[in-house]
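The file data-v4.txt comes next; it holds compact mmCIF, C-alpha atoms.
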# COMPACT_ATOMS: atom_id res chain seq x y z
CA MET A 1 -6.84 -21.18 -7.19
CA THR A 2 -5.34 -22.05 -3.82
CA PRO A 3 -1.72 -21.21 -4.69
CA LEU A 4 -2.87 -17.90 -6.04
CA ILE A 5 -4.65 -17.07 -2.81
CA ASP A 6 -1.63 -18.21 -0.88
CA MET A 7 0.62 -15.94 -2.84
CA ALA A 8 -1.76 -13.06 -2.39
CA PHE A 9 -1.82 -13.48 1.35
CA LEU A 10 1.92 -13.82 1.42
CA LEU A 11 2.39 -10.61 -0.50
CA ILE A 12 -0.07 -8.78 1.70
CA VAL A 13 1.80 -9.91 4.77
CA PHE A 14 5.08 -8.94 3.20
CA PHE A 15 4.00 -5.45 2.32
CA VAL A 16 2.28 -4.80 5.61
CA LEU A 17 5.43 -5.92 7.36
CA VAL A 18 7.70 -3.79 5.24
CA SER A 19 5.53 -0.72 5.62
CA GLN A 20 5.46 -1.22 9.35
CA VAL A 21 9.21 -1.39 9.52
CA THR A 22 9.82 1.57 7.29
CA SER A 23 7.24 3.69 9.01
CA ALA A 24 8.95 2.98 12.27
CA GLU A 25 12.20 4.11 10.63
CA MET A 26 14.25 2.02 12.92
CA VAL A 27 17.99 2.00 12.70
CA ASP A 28 19.36 -0.94 14.58
CA LEU A 29 21.04 0.53 17.62
CA SER A 30 21.12 -0.09 21.34
CA LEU A 31 19.24 2.70 23.00
CA PRO A 32 20.16 4.04 26.43
CA ARG A 33 18.24 2.60 29.34
CA PRO A 34 17.84 5.19 32.10
CA THR A 35 17.30 3.87 35.60
CA SER A 36 14.73 6.27 36.99
CA GLY A 37 12.02 5.29 34.55
CA THR A 38 10.57 8.68 33.81
CA ALA A 39 10.23 7.71 30.19
CA LYS A 40 6.70 7.24 28.95
CA GLN A 41 5.07 5.09 26.35
CA PRO A 42 4.91 6.84 23.03
CA ASP A 43 1.34 8.03 22.59
CA GLY A 44 1.18 6.92 19.00
CA SER A 45 0.79 10.38 17.59
CA GLU A 46 2.34 11.49 14.37
CA ARG A 47 6.08 11.65 14.58
CA ILE A 48 9.26 12.04 12.63
CA VAL A 49 12.35 10.20 13.72
CA VAL A 50 15.89 11.49 13.50
CA ASN A 51 18.37 8.66 13.88
CA VAL A 52 22.02 9.07 14.74
CA ILE A 53 23.63 6.18 12.91
CA PRO A 54 26.34 4.82 15.14
CA ALA A 55 29.86 4.18 13.97
CA THR A 56 32.61 2.42 15.83
CA ASP A 57 34.41 4.07 18.77
CA GLY A 58 31.51 6.32 19.69
CA GLY A 59 31.30 8.29 16.50
CA ALA A 60 28.43 8.71 14.10
CA ALA A 61 28.35 7.50 10.53
CA GLY A 62 25.62 9.93 9.65
CA TYR A 63 22.06 10.89 10.37
CA ARG A 64 18.87 9.47 9.01
CA LEU A 65 15.48 11.08 8.67
CA GLY A 66 12.87 8.73 7.34
CA LYS A 67 14.56 6.87 4.54
CA ARG A 68 17.03 9.61 3.75
CA ASP A 69 20.60 9.50 4.95
CA PHE A 70 22.65 12.57 5.69
CA THR A 71 26.39 12.75 6.09
CA ALA A 72 27.83 13.90 9.37
CA ASP A 73 29.35 17.10 8.13
CA THR A 74 28.24 20.67 7.75
CA ALA A 75 26.63 20.19 4.35
CA GLY A 76 24.79 17.08 5.44
CA LEU A 77 23.50 18.78 8.56
CA GLN A 78 22.30 21.70 6.54
CA GLN A 79 20.33 19.30 4.36
CA LEU A 80 19.03 17.63 7.50
CA VAL A 81 17.76 20.94 8.83
CA THR A 82 15.97 21.60 5.55
CA ALA A 83 14.50 18.10 5.50
CA ILE A 84 13.19 18.34 9.07
CA ALA A 85 11.73 21.75 8.34
CA GLN A 86 9.99 20.34 5.30
CA ALA A 87 8.68 17.38 7.24
CA MET A 88 7.28 19.67 9.93
CA LYS A 89 5.76 22.11 7.54
CA GLY A 90 2.06 22.58 8.15
CA ARG A 91 1.92 20.29 11.15
CA PRO A 92 3.56 22.04 14.09
CA SER A 93 2.32 19.51 16.62
CA VAL A 94 4.27 16.66 15.09
CA GLU A 95 6.52 14.85 17.51
CA VAL A 96 10.24 14.82 16.77
CA ASN A 97 11.98 11.75 18.12
CA ILE A 98 15.73 11.54 18.42
CA ARG A 99 17.29 8.10 18.53
CA ALA A 100 20.94 7.60 19.29
CA ASP A 101 23.07 4.72 20.40
CA ARG A 102 24.05 4.63 24.04
CA ALA A 103 27.72 4.56 23.20
CA THR A 104 27.64 7.47 20.79
CA ALA A 105 29.53 10.46 22.08
CA TYR A 106 27.41 13.45 22.94
CA SER A 107 29.21 15.64 20.45
CA TRP A 108 27.63 13.54 17.67
CA VAL A 109 24.14 13.66 19.14
CA ARG A 110 24.20 17.38 19.73
CA PRO A 111 24.20 18.24 16.01
CA ALA A 112 20.98 16.28 15.63
CA MET A 113 19.31 18.25 18.39
CA THR A 114 20.72 21.46 17.03
CA ALA A 115 19.35 20.54 13.63
CA VAL A 116 15.91 20.05 15.14
CA ALA A 117 16.16 23.42 16.87
CA ASP A 118 17.32 25.08 13.67
CA ALA A 119 14.52 23.45 11.74
CA LEU A 120 12.02 24.82 14.25
CA THR A 121 13.43 28.26 13.67
CA GLU A 122 13.48 27.83 9.94
CA SER A 123 9.90 26.66 9.69
CA GLY A 124 8.73 29.35 12.08
CA ILE A 125 7.15 26.95 14.56
CA ASP A 126 6.48 28.24 18.02
CA ARG A 127 9.15 26.65 20.18
CA THR A 128 6.91 26.21 23.15
CA ARG A 129 4.61 24.05 21.09
CA ALA A 130 7.29 21.90 19.56
CA ARG A 131 7.50 18.41 20.98
CA VAL A 132 10.96 16.92 21.00
CA ARG A 133 11.39 13.47 22.49
CA LEU A 134 14.39 11.30 23.19
CA VAL A 135 13.87 7.63 22.51
CA VAL A 136 15.15 5.30 25.22
CA LEU A 137 14.46 1.80 26.39
CA GLY A 138 11.95 1.22 29.13
CA GLY A 139 11.88 -1.17 31.99
CA GLY A 140 15.33 -0.34 33.25
CA GLY A 141 16.62 -0.27 36.80
CA ASN A 142 14.39 0.10 39.82
CA GLY A 143 11.60 1.69 37.95
CA MET B 1 -49.59 -56.82 -52.74
CA ALA B 2 -45.98 -55.96 -52.90
CA GLU B 3 -46.68 -53.15 -50.42
CA THR B 4 -48.11 -55.46 -47.78
CA ALA B 5 -45.23 -57.84 -48.24
CA ASP B 6 -42.82 -54.98 -47.65
CA GLU B 7 -44.74 -53.84 -44.57
CA LEU B 8 -44.72 -57.32 -43.22
CA GLN B 9 -40.98 -57.55 -43.83
CA SER B 10 -40.18 -54.33 -41.99
CA ALA B 11 -42.45 -55.16 -39.08
CA HIS B 12 -40.69 -58.43 -38.74
CA ALA B 13 -37.28 -56.75 -38.77
CA ALA B 14 -38.38 -54.33 -36.07
CA ARG B 15 -39.61 -57.13 -33.87
CA ASN B 16 -36.33 -58.95 -34.36
CA ALA B 17 -34.35 -55.89 -33.33
CA LEU B 18 -36.50 -55.41 -30.21
CA ASP B 19 -36.03 -59.03 -29.28
CA ALA B 20 -32.26 -58.68 -29.68
CA LEU B 21 -32.22 -55.64 -27.41
CA ASN B 22 -34.29 -57.40 -24.80
CA ALA B 23 -31.96 -60.34 -24.92
CA LEU B 24 -29.00 -58.01 -24.41
CA ALA B 25 -30.70 -56.37 -21.49
CA ALA B 26 -31.38 -59.71 -19.92
CA ALA B 27 -27.71 -60.64 -20.28
CA LEU B 28 -26.50 -57.45 -18.54
CA PRO B 29 -28.60 -57.04 -15.39
CA ASP B 30 -27.49 -53.45 -14.64
CA ALA B 31 -28.08 -52.13 -18.13
CA ARG B 32 -31.77 -51.56 -18.44
CA VAL B 33 -33.25 -50.08 -21.49
CA GLY B 34 -36.03 -47.65 -20.91
CA HIS B 35 -35.92 -48.30 -17.20
CA ARG B 36 -35.77 -45.31 -14.85
CA PRO B 37 -35.09 -45.43 -11.13
CA ARG B 38 -38.14 -45.74 -9.02
CA ARG B 39 -39.42 -42.71 -7.24
CA GLY B 40 -38.48 -44.02 -3.84
CA TRP B 41 -34.87 -44.70 -4.86
CA ARG B 42 -32.38 -44.78 -2.00
CA ALA B 43 -28.68 -44.46 -2.10
CA PRO B 44 -26.57 -47.52 -1.49
CA ARG B 45 -25.76 -48.16 2.13
CA ARG B 46 -22.13 -47.04 1.89
CA LEU B 47 -23.12 -43.58 0.69
CA ARG B 48 -26.04 -43.08 3.02
CA GLY B 49 -25.82 -40.28 5.62
CA ARG B 50 -23.27 -38.20 3.76
CA SER B 51 -23.86 -34.90 2.09
CA LEU B 52 -22.75 -34.34 -1.43
CA GLY B 53 -19.98 -31.86 -0.35
CA ALA B 54 -18.35 -34.40 1.88
CA ALA B 55 -17.18 -36.15 -1.19
CA ILE B 56 -14.77 -33.21 -1.79
CA SER B 57 -11.96 -33.48 0.76
CA THR B 58 -10.87 -30.24 2.54
CA ASN B 59 -7.27 -29.23 1.94
CA MET B 60 -5.90 -27.83 5.21
CA THR B 61 -2.51 -26.72 3.90
CA PRO B 62 -3.40 -23.22 2.69
CA MET B 63 -5.19 -22.41 5.90
CA ILE B 64 -2.20 -23.50 7.89
CA ASP B 65 0.01 -21.46 5.62
CA VAL B 66 -2.01 -18.34 6.23
CA VAL B 67 -2.11 -18.93 9.95
CA PHE B 68 1.64 -19.30 10.00
CA GLN B 69 2.04 -16.12 8.04
CA LEU B 70 -0.15 -14.25 10.50
CA LEU B 71 1.83 -15.68 13.35
CA VAL B 72 5.11 -14.55 11.84
CA PHE B 73 3.61 -11.15 11.11
CA PHE B 74 2.52 -10.52 14.66
CA ILE B 75 5.75 -11.78 16.16
CA ALA B 76 7.78 -9.58 13.88
CA THR B 77 5.73 -6.46 14.43
CA THR B 78 5.40 -6.65 18.17
CA ARG B 79 9.12 -7.03 18.56
CA TYR B 80 9.73 -3.62 17.05
CA ALA B 81 9.29 -0.61 19.29
CA SER B 82 7.63 -2.65 21.97
CA ASP B 83 10.20 -1.66 24.54
CA GLU B 84 10.82 1.89 23.46
CA ARG B 85 9.89 4.83 25.62
CA VAL B 86 10.25 8.53 25.09
CA ILE B 87 11.46 11.27 27.39
CA ALA B 88 9.99 14.64 26.64
CA MET B 89 12.86 17.03 26.31
CA ASP B 90 12.42 20.69 26.64
CA LEU B 91 14.37 21.88 23.70
CA SER B 92 12.05 24.76 23.19
CA ARG B 93 12.29 27.06 26.14
CA ARG B 94 16.00 26.69 26.54
CA VAL B 95 17.29 28.55 23.59
CA ALA B 96 17.07 32.09 24.86
CA VAL B 97 19.03 31.00 27.91
CA THR B 98 21.55 28.86 26.21
CA ALA B 99 22.77 31.51 23.89
CA LYS B 100 24.11 33.20 26.96
CA ASP B 101 25.16 30.05 28.70
CA ALA B 102 27.14 28.85 25.76
CA ALA B 103 29.80 31.34 26.73
CA HIS B 104 30.15 29.68 30.11
CA SER B 105 30.25 26.18 28.83
CA GLU B 106 32.99 26.93 26.36
CA THR B 107 35.39 27.35 29.27
CA VAL B 108 36.84 23.95 29.82
CA ALA B 109 37.50 24.56 33.50
CA PRO B 110 35.39 22.15 35.55
CA VAL B 111 35.07 24.72 38.34
CA PRO B 112 31.92 26.71 37.82
CA PRO B 113 32.39 30.43 37.28
CA SER B 114 32.22 32.33 40.52
CA ILE B 115 29.96 35.22 39.82
CA PRO B 116 27.39 35.78 42.56
CA LEU B 117 28.40 37.86 45.54
CA ASP B 118 25.09 38.17 47.28
CA PRO B 119 24.22 34.76 48.71
CA PHE B 120 20.50 35.46 48.35
CA ALA B 121 20.73 36.55 44.79
CA MET B 122 20.12 33.51 42.69
CA ARG B 123 20.89 33.45 39.05
CA ASP B 124 17.49 33.00 37.57
CA GLU B 125 18.85 31.75 34.32
CA ALA B 126 19.22 28.07 34.80
CA LEU B 127 20.81 25.37 36.86
CA HIS B 128 23.77 24.19 34.90
CA LEU B 129 24.71 20.53 35.13
CA GLU B 130 27.98 19.70 33.50
CA VAL B 131 28.45 16.02 32.79
CA ARG B 132 31.94 14.64 32.56
CA VAL B 133 33.08 11.59 30.71
CA ASP B 134 33.34 9.45 33.84
CA GLY B 135 29.77 10.28 34.76
CA THR B 136 30.34 12.77 37.55
CA ILE B 137 28.09 15.78 37.41
CA VAL B 138 29.26 19.27 38.28
CA ALA B 139 26.38 21.53 39.21
CA GLY B 140 26.67 25.16 38.29
CA ALA B 141 26.21 28.45 39.98
CA PRO B 142 23.59 28.17 42.71
CA LEU B 143 24.50 24.67 43.81
CA ARG B 144 28.19 24.27 43.15
CA ARG B 145 28.49 20.67 43.99
CA THR B 146 29.77 17.54 42.39
CA PHE B 147 27.48 14.56 42.22
CA THR B 148 27.91 10.95 41.38
CA PRO B 149 25.27 9.59 39.03
CA SER B 150 23.67 7.44 41.72
CA GLU B 151 23.12 10.27 44.17
CA LEU B 152 22.04 12.86 41.62
CA ARG B 153 18.37 12.06 41.69
CA THR B 154 17.87 12.30 45.45
CA ALA B 155 20.19 15.29 45.70
CA LEU B 156 18.23 17.19 43.10
CA ALA B 157 14.96 16.21 44.71
CA ASN B 158 16.21 17.64 48.00
CA GLU B 159 16.97 20.92 46.32
CA LEU B 160 13.41 21.33 45.18
CA ARG B 161 11.31 23.71 47.17
CA GLY B 162 8.30 21.98 48.53
CA SER B 163 6.94 19.76 51.20
CA GLY B 164 9.53 17.95 53.22
CA HIS B 165 12.47 19.83 51.80
CA PRO B 166 12.97 22.93 53.92
CA ASN B 167 16.31 23.64 52.29
CA GLY B 168 15.04 23.43 48.79
CA MET B 169 15.49 26.55 46.77
CA PHE B 170 14.28 25.63 43.28
CA GLU B 171 10.81 25.76 41.93
CA PRO B 172 9.92 22.74 39.81
CA ALA B 173 9.69 25.06 36.84
CA PHE B 174 13.25 26.26 37.34
CA PRO B 175 15.14 25.50 34.16
CA VAL B 176 17.83 22.88 34.24
CA VAL B 177 20.41 22.86 31.49
CA ILE B 178 22.51 19.76 31.00
CA ALA B 179 25.85 20.24 29.33
CA PRO B 180 27.56 16.93 28.69
CA ALA B 181 31.20 16.82 27.72
CA ASP B 182 31.88 16.24 24.06
CA ASN B 183 33.03 12.67 24.43
CA ALA B 184 30.58 11.72 27.15
CA PRO B 185 28.49 8.78 25.99
CA TRP B 186 24.90 9.49 25.14
CA GLU B 187 23.85 7.00 27.80
CA ILE B 188 25.26 9.15 30.60
CA ALA B 189 23.67 12.29 29.20
CA VAL B 190 20.27 10.62 29.07
CA GLU B 191 20.78 9.28 32.56
CA VAL B 192 21.31 12.79 33.93
CA LEU B 193 18.27 14.08 32.07
CA ASP B 194 16.26 11.21 33.43
CA ALA B 195 17.45 11.86 36.98
CA ALA B 196 16.56 15.54 36.77
CA VAL B 197 13.09 14.77 35.48
CA ALA B 198 12.63 12.07 38.10
CA ALA B 199 13.68 14.52 40.81
CA GLY B 200 10.76 16.69 39.86
CA PHE B 201 12.12 19.36 37.57
CA ARG B 202 9.74 20.07 34.78
CA ASN B 203 11.95 22.22 32.64
CA VAL B 204 14.95 20.17 31.67
CA GLY B 205 16.90 20.41 28.47
CA PHE B 206 20.26 20.05 26.89
CA GLU B 207 22.56 22.94 26.41
CA GLN B 208 22.52 24.26 22.89
CA ARG B 209 25.44 25.83 21.22
CA THR B 210 24.52 28.47 18.77
CA ALA B 211 27.45 27.70 16.54
CA GLY B 212 25.74 24.40 16.20
CA THR B 213 26.70 22.86 12.93
CA GLU B 214 30.09 21.67 14.04
CA VAL B 215 30.31 17.95 14.23
CA GLY B 216 32.30 15.45 16.13
CA GLN B 217 35.83 16.62 16.79
I'd like the structure from this file rewritten - as structure tokens, please.
Amino acid sequence: MTPLIDMAFLLIVFFVLVSQVTSAEMVDLSLPRPTSGTAKQPDGSERIVVNVIPATDGGAAGYRLGKRDFTADTAGLQQLVTAIAQAMKGRPSVEVNIRADRATAYSWVRPAMTAVADALTESGIDRTRARVRLVVLGGGGNG
Amino acid sequence: MAETADELQSAHAARNALDALNALAAALPDARVGHRPRRGWRAPRRLRGRSLGAAISTNMTPMIDVVFQLLVFFIATTRYASDERVIAMDLSRRVAVTAKDAAHSETVAPVPPSIPLDPFAMRDEALHLEVRVDGTIVAGAPLRRTFTPSELRTALANELRGSGHPNGMFEPAFPVVIAPADNAPWEIAVEVLDAAVAAGFRNVGFEQRTAGTEVGQ
């Protein structure tokens, strides 16, 4: 009986862990760390995360929403807009987080923000109610 | 007559068998036939004072396993997102402005366009902050100054209208539009946004280009 219980616990731990990681939708990147410290703790509300997957020399290898990857070209961005609009459908107060590497050039981050803006338009959400957040690292500089 | 002889025979056999059993019992002192423990029976001294369950030894290994698993679980989960913060970005209210401002930002010239003639007429569109690759910030129309990243925060705070800043000319709700250069690292762009928010502006966003689906370059 004991090995069975052990295995059960192990599996529970495994799945809880995996679901935690995937729900966080974390791409491994080094976030910017602004010095003024105006960034706040995330309030734990419902959110969707748009990741800019970093490539070498400041480019982007693509974009990721949830578990879906999108290529960094016009077609991929169009799909990204549709996917964000779908994810926001029916819940206009959802928080949209944008994560990008600190070394990524702005021209690769801008399409992600534009995609969010386009998705807001597409899903007909009131722009003043939309909540777009940039994800950074805390505890930087002189606080 | 034969019946009584038979009875006598069998009774004799039975007595013999009983005698044999009693002799066996006497030879083996622990094996008692028909002998039950007395009512006041007590356990041998070596077993006294222990409960019956103590005879089953507790296996600690699974408990330790589970504890280790929980330990690993909490370590792994608290590492993720523990250090992440969010900056609220005003994407929303900027778009009506930025459609117009996009025309300005397309000009590569770092010098801001010289439009206003009346010094008291302030463009009520937005304060444009152009971020270059090396981190210097060129402020647009009303300010027309170049900042280094380190001085940006205090300089912007001084431009806010309010207590202690007699020269300030911006309301906190005045929109600030940040327009980083294409190859400016994201870190610098976020730094400028952070500085503007820290200075007290409440309405800070990135410049949007309406022809937005172009990537990279």
With only C-alpha atoms as the basis for distance, which of B:Arg144, B:Arg161, B:Arg202, B:His128 is at the shortest distance from chain A?
->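 That would be B:Arg202, the residue with the smallest distance to chain A.
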Enumerate as number ranges by chain the residues belonging to chain A that approach chain B to within 8 Å, with all atoms listed in the file taken into account.
-> A: 2-3, 6, 9-10, 13, 17, 20-21, 24, 31-42, 58-59, 72-74, 77-78, 97, 100-111, 114-115, 117, 127-139
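Computed from the coordinates, the CA of Leu24 in chain B to CA of Leu8 in chain B distance equals 24.5 Å.
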In Å, rounded to a single decimal, give me how far CA of Phe14 in chain A is from CA of Lys67 in chain A.
->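 Atom-to-atom, CA of Lys67 in chain A to CA of Phe14 in chain A, that is 18.5 Å.
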Work out how far CA of Ile84 in chain A is from CA of Arg68 in chain A, in Å to one decimal.
->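 One can read the CA of Arg68 in chain A to CA of Ile84 in chain A distance as 10.9 Å.
Every protein or nucleic acid residue with an atom no more than 6 Å from Thr136 in chain B, counting only C-alpha atoms and leaving out same-chain residues fewer than 3 positions away, appears here: B:Arg132, B:Phe147, B:Thr148.
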Among the residues A:Ala112, A:Ala60, A:Ile98, A:Leu120, the one that comes closest to Ala85 in chain A [using only C-alpha atoms] |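 Comparing A:Ala112, A:Ala60, A:Ile98, A:Leu120 against Ala85 in chain A, the winner is A:Leu120.
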